[in-house]
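Take a look at the structure set out below.
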Amino acid sequence: MTSRPTSADYIYSIFTDFTELHGDRRFGDDKAVIGGIAWLEDIPVTVIGIEKGHDTAERMERSFGAPEPEGYRKALRLMRQAEKFKRPVITFVDTSGAYCGIEAEERGQGAAIAENLMEMSALTVPVISILIGEGGSGGALALAVSDRVWMLENAVYSVISPEGCASILWRDTAKAAEAAAALCLTAQDALSLGIAEKVISEDRLGTDAFYTSLRNDIVREIRALMEAGDLRENRYMRFRSFGGYQS
Amino acid sequence: MMLNFEHKAVNELEKEGRSAAPLFGEAEVVCPNCHRTLKESQAEEMMMTCLCGHHFRIGARKRIGYMTDENSFQELFEDIVSTDPLSFPGYRDKLTKARSMSGEKEAVLTGTASINGVSADIFVMDPGFMMGSMGAGTGEKITRLFEHAMEHGLPVVGWTVSGGARMQEGLLSLMQMAKTSGAVRRHSDRGLLYLTVLTDPTTGGVTASFAMEGDIILAEPGATIGFAGKRVIEETVRQQLPKGFQTSESILEHGFADMIVRRSEEKEIISRLLRLHGYGR
Ligand SMILES: [Zn+2]
């Protein structure tokens, strides 16, 4: 998936005057997450994306799009800022998962994700998340507790990587394809489970026409959400409904 | 209790504070920390802890017995169970096995109880049920408990133990992280207290959701607490993990827990904290 457009490509193609803001105001500035303010037509919005980078050097610098706690905290800071100034939030999600490392754990990776889940559930501004490539578990969900979740046709969203799943269940990473099928991680699967509202065609992926069409969809949806009733209540009910249990 | 250890390695048994029952005489437990052998009744007297301070893993019912006033626990939502929404290979068998081995229907028990005379809604996860993995049944029970607590103006006290999200439920298990977090936030907005006790092990999607969302976070000594698994981290960073990495003591030092509390003192400290928040008057 390395040649796919990254979050930055979407952000600079869809929005105007994107002004990047840095830092979590706690510890650092995680380059795996980019965020800032921009115009969506005539609406000021907050835009956040998990960024994998384009060439090897940039990918290294951005930890291949695996955010550390500071990345999630920067995103949360920007979302709280959006709440204060009543700006809609658009997030682009593309990560194999939260950064896996000693310091990330010591600085509270779990706590950082947990706080985002809790705080996103309480935002009163519209939030749309677009999964453009990899949606890796809690590290992706931490930017996707949203009113609308859209997925690119070939994007995936999963609780665990197929390799990880195969290795735990069958002690055999060669069975990753089998695990992938069982995990129901495609955009179509997410759509049929109600976890995504929309699947975006990749026919013209990365072209001007593609971005124009996506921009129009985002504008239409944001305007509709701005008119919709209690977003916070609806968002709670959206996630509240995800089951697979009986009583 | 049914003892069926055929699938488990000895060190797993030790962590749970159990050993295969001898044919004659009293069952014994072996401490994984000091390797001492204790009679089960002796360990029981110390709330399943060892003389060296090690805290054995314990089942949810046993914990409820230790932590709540006698006969005060009234179970709620006990009929909610995970189904097999994705028809995941082998999952139904696994659920059946987990139910028969743990004697529980789900990885968490929910209900209302009194703790030294103070009423609270409680949830207690069970390591014997797929190592407390979070499926839709688990998430639904916890969410309903927070909604119940809001309705009745009650605090929530939760004991966590979990290997993470239940991968056999795919994305639906991942969504439980957002669902429970939303419920915690609504409960919190009513000004109600939520207190968590992290026990061994608390990891993955449970750490990254309701375990770390308490107003006050307690941890039992020596528990493994983290997000990513130790083995995965080791393979990724290709270096040895520091001593005490991902333990209660380490997360206290790094500022992610309020205090470490021995099992024998938990009930007292929890009820004190509840009273300090105006409950039980
Ligand atoms: Zn011992």
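In the structure tokens, each chain is lettered A, B, ... as it comes, each chain's residues begin at 1, and ligands are numbered from 1 in order of appearance.
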* So which residues are near ligand 1, meaning at most 12 Å away with only C-alpha atoms and all ligand atoms counted, given back as a ChimeraX atom specification? -> /B:14-15,17,29-38,43,46,48-56,222
* DSSP strand (DSSP E or B) residues within segment 6-238 of chain A, listed as a VMD selection string -> chain A and resid 16 to 20 33 to 40 43 to 50 89 to 95 127 to 136 148 to 152 156 to 158 186 198 to 200
Can you build me a table of chain A residues sitting at most 7 Å from chain B, with the closest atom pair per residue and its distance in Å to one decimal, using only C-alpha atoms, sorted by chain and residue number, as a Markdown table?
| residue | atom | partner | partner_atom | distance |
| --- | --- | --- | --- | --- |
| A:Cys100 | CA | B:Ile233 | CA | 5.8 |
| A:Gly101 | CA | B:Ile233 | CA | 5.6 |
| A:Glu105 | CA | B:Gly226 | CA | 6.6 |
| A:Glu106 | CA | B:His254 | CA | 6.4 |
| A:Arg107 | CA | B:His254 | CA | 6.9 |
| A:Gly108 | CA | B:Phe256 | CA | 6.9 |
| A:Gln109 | CA | B:Phe227 | CA | 6.5 |
| A:Gly110 | CA | B:Ala208 | CA | 4.0 |
| A:Ala111 | CA | B:Met212 | CA | 5.4 |
| A:Ile113 | CA | B:Ala208 | CA | 5.4 |
| A:Ala114 | CA | B:Ser209 | CA | 4.2 |
| A:Glu115 | CA | B:Glu213 | CA | 6.9 |
| A:Leu117 | CA | B:Ala178 | CA | 5.6 |
| A:Met118 | CA | B:Ser181 | CA | 4.8 |
| A:Ser121 | CA | B:Gly182 | CA | 5.3 |
| A:Ser137 | CA | B:Leu174 | CA | 6.7 |
| A:Gly138 | CA | B:Gly205 | CA | 6.7 |
| A:Val145 | CA | B:Ala178 | CA | 6.7 |
| A:Ser158 | CA | B:Leu171 | CA | 5.6 |
| A:Val159 | CA | B:Leu174 | CA | 5.4 |
| A:Ile160 | CA | B:Met167 | CA | 6.7 |
| A:Ala182 | CA | B:Phe88 | CA | 5.7 |
| A:Leu183 | CA | B:Gly170 | CA | 5.0 |
| A:Cys184 | CA | B:Gly170 | CA | 6.6 |
| A:Tyr236 | CA | B:Gly182 | CA | 6.2 |
| A:Phe239 | CA | B:Lys179 | CA | 5.2 |
| A:Arg240 | CA | B:Lys179 | CA | 5.3 |
| A:Phe242 | CA | B:Leu172 | CA | 6.3 |
| A:Gly243 | CA | B:Ala136 | CA | 5.4 |
| A:Gly244 | CA | B:Pro85 | CA | 5.1 |
| A:Tyr245 | CA | B:Ser82 | CA | 4.2 |
| A:Gln246 | CA | B:Ile80 | CA | 5.5 |
| A:Ser247 | CA | B:Ile80 | CA | 4.1 |
* To do: Extract, using only C-alpha atoms, all DNA, RNA and protein residues at most 9 Å from Ser72 of chain B, discarding same-chain residues fewer than 5 positions from it, and format them as a list of chain:residue names.
  => B:Thr112, B:Ala113, B:Ser114, B:Ile115
May I have the selected residues written with all heavy atoms, as an mmCIF file, in the first residue's frame?
data_model
loop_
_atom_site.group_PDB
_atom_site.id
_atom_site.type_symbol
_atom_site.label_atom_id
_atom_site.label_comp_id
_atom_site.auth_asym_id
_atom_site.auth_seq_id
_atom_site.Cartn_x
_atom_site.Cartn_y
_atom_site.Cartn_z
ATOM 1 N N THR B 112 -24.762 -4.867 41.590
ATOM 2 C CA THR B 112 -24.726 -3.834 42.603
ATOM 3 C C THR B 112 -24.371 -4.505 43.921
ATOM 4 O O THR B 112 -24.675 -5.671 44.129
ATOM 5 C CB THR B 112 -26.076 -3.061 42.592
ATOM 6 O OG1 THR B 112 -26.025 -2.041 43.561
ATOM 7 C CG2 THR B 112 -27.250 -3.956 42.848
ATOM 8 N N ALA B 113 -23.656 -3.794 44.776
ATOM 9 C CA ALA B 113 -23.176 -4.412 46.009
ATOM 10 C C ALA B 113 -22.927 -3.333 47.044
ATOM 11 O O ALA B 113 -22.966 -2.137 46.732
ATOM 12 C CB ALA B 113 -21.868 -5.165 45.751
ATOM 13 N N SER B 114 -22.663 -3.768 48.273
ATOM 14 C CA SER B 114 -22.207 -2.769 49.227
ATOM 15 C C SER B 114 -20.808 -3.124 49.692
ATOM 16 O O SER B 114 -20.428 -4.297 49.798
ATOM 17 C CB SER B 114 -23.226 -2.587 50.365
ATOM 18 O OG SER B 114 -23.028 -3.556 51.343
ATOM 19 N N ILE B 115 -20.018 -2.078 49.869
ATOM 20 C CA ILE B 115 -18.604 -2.217 50.237
ATOM 21 C C ILE B 115 -18.432 -1.497 51.572
ATOM 22 O O ILE B 115 -18.514 -0.272 51.622
ATOM 23 C CB ILE B 115 -17.706 -1.611 49.138
ATOM 24 C CG1 ILE B 115 -17.952 -2.330 47.796
ATOM 25 C CG2 ILE B 115 -16.230 -1.695 49.534
ATOM 26 C CD1 ILE B 115 -17.288 -1.703 46.590
#
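Picture a line from atom CA of Arg80 of chain A to atom CA of Ser146 of chain A; it runs 14.2 Å.
For the atom pair formed by atom CA of Gly65 of chain A and atom CA of Ser161 of chain A, the distance is 15.2 Å, given to one decimal.
Using only C-alpha atoms for every distance, the candidate list A:Glu51, A:Glu221, A:Asp30, A:Glu119 yields A:Glu221 as the residue closest to Glu197 of chain A.
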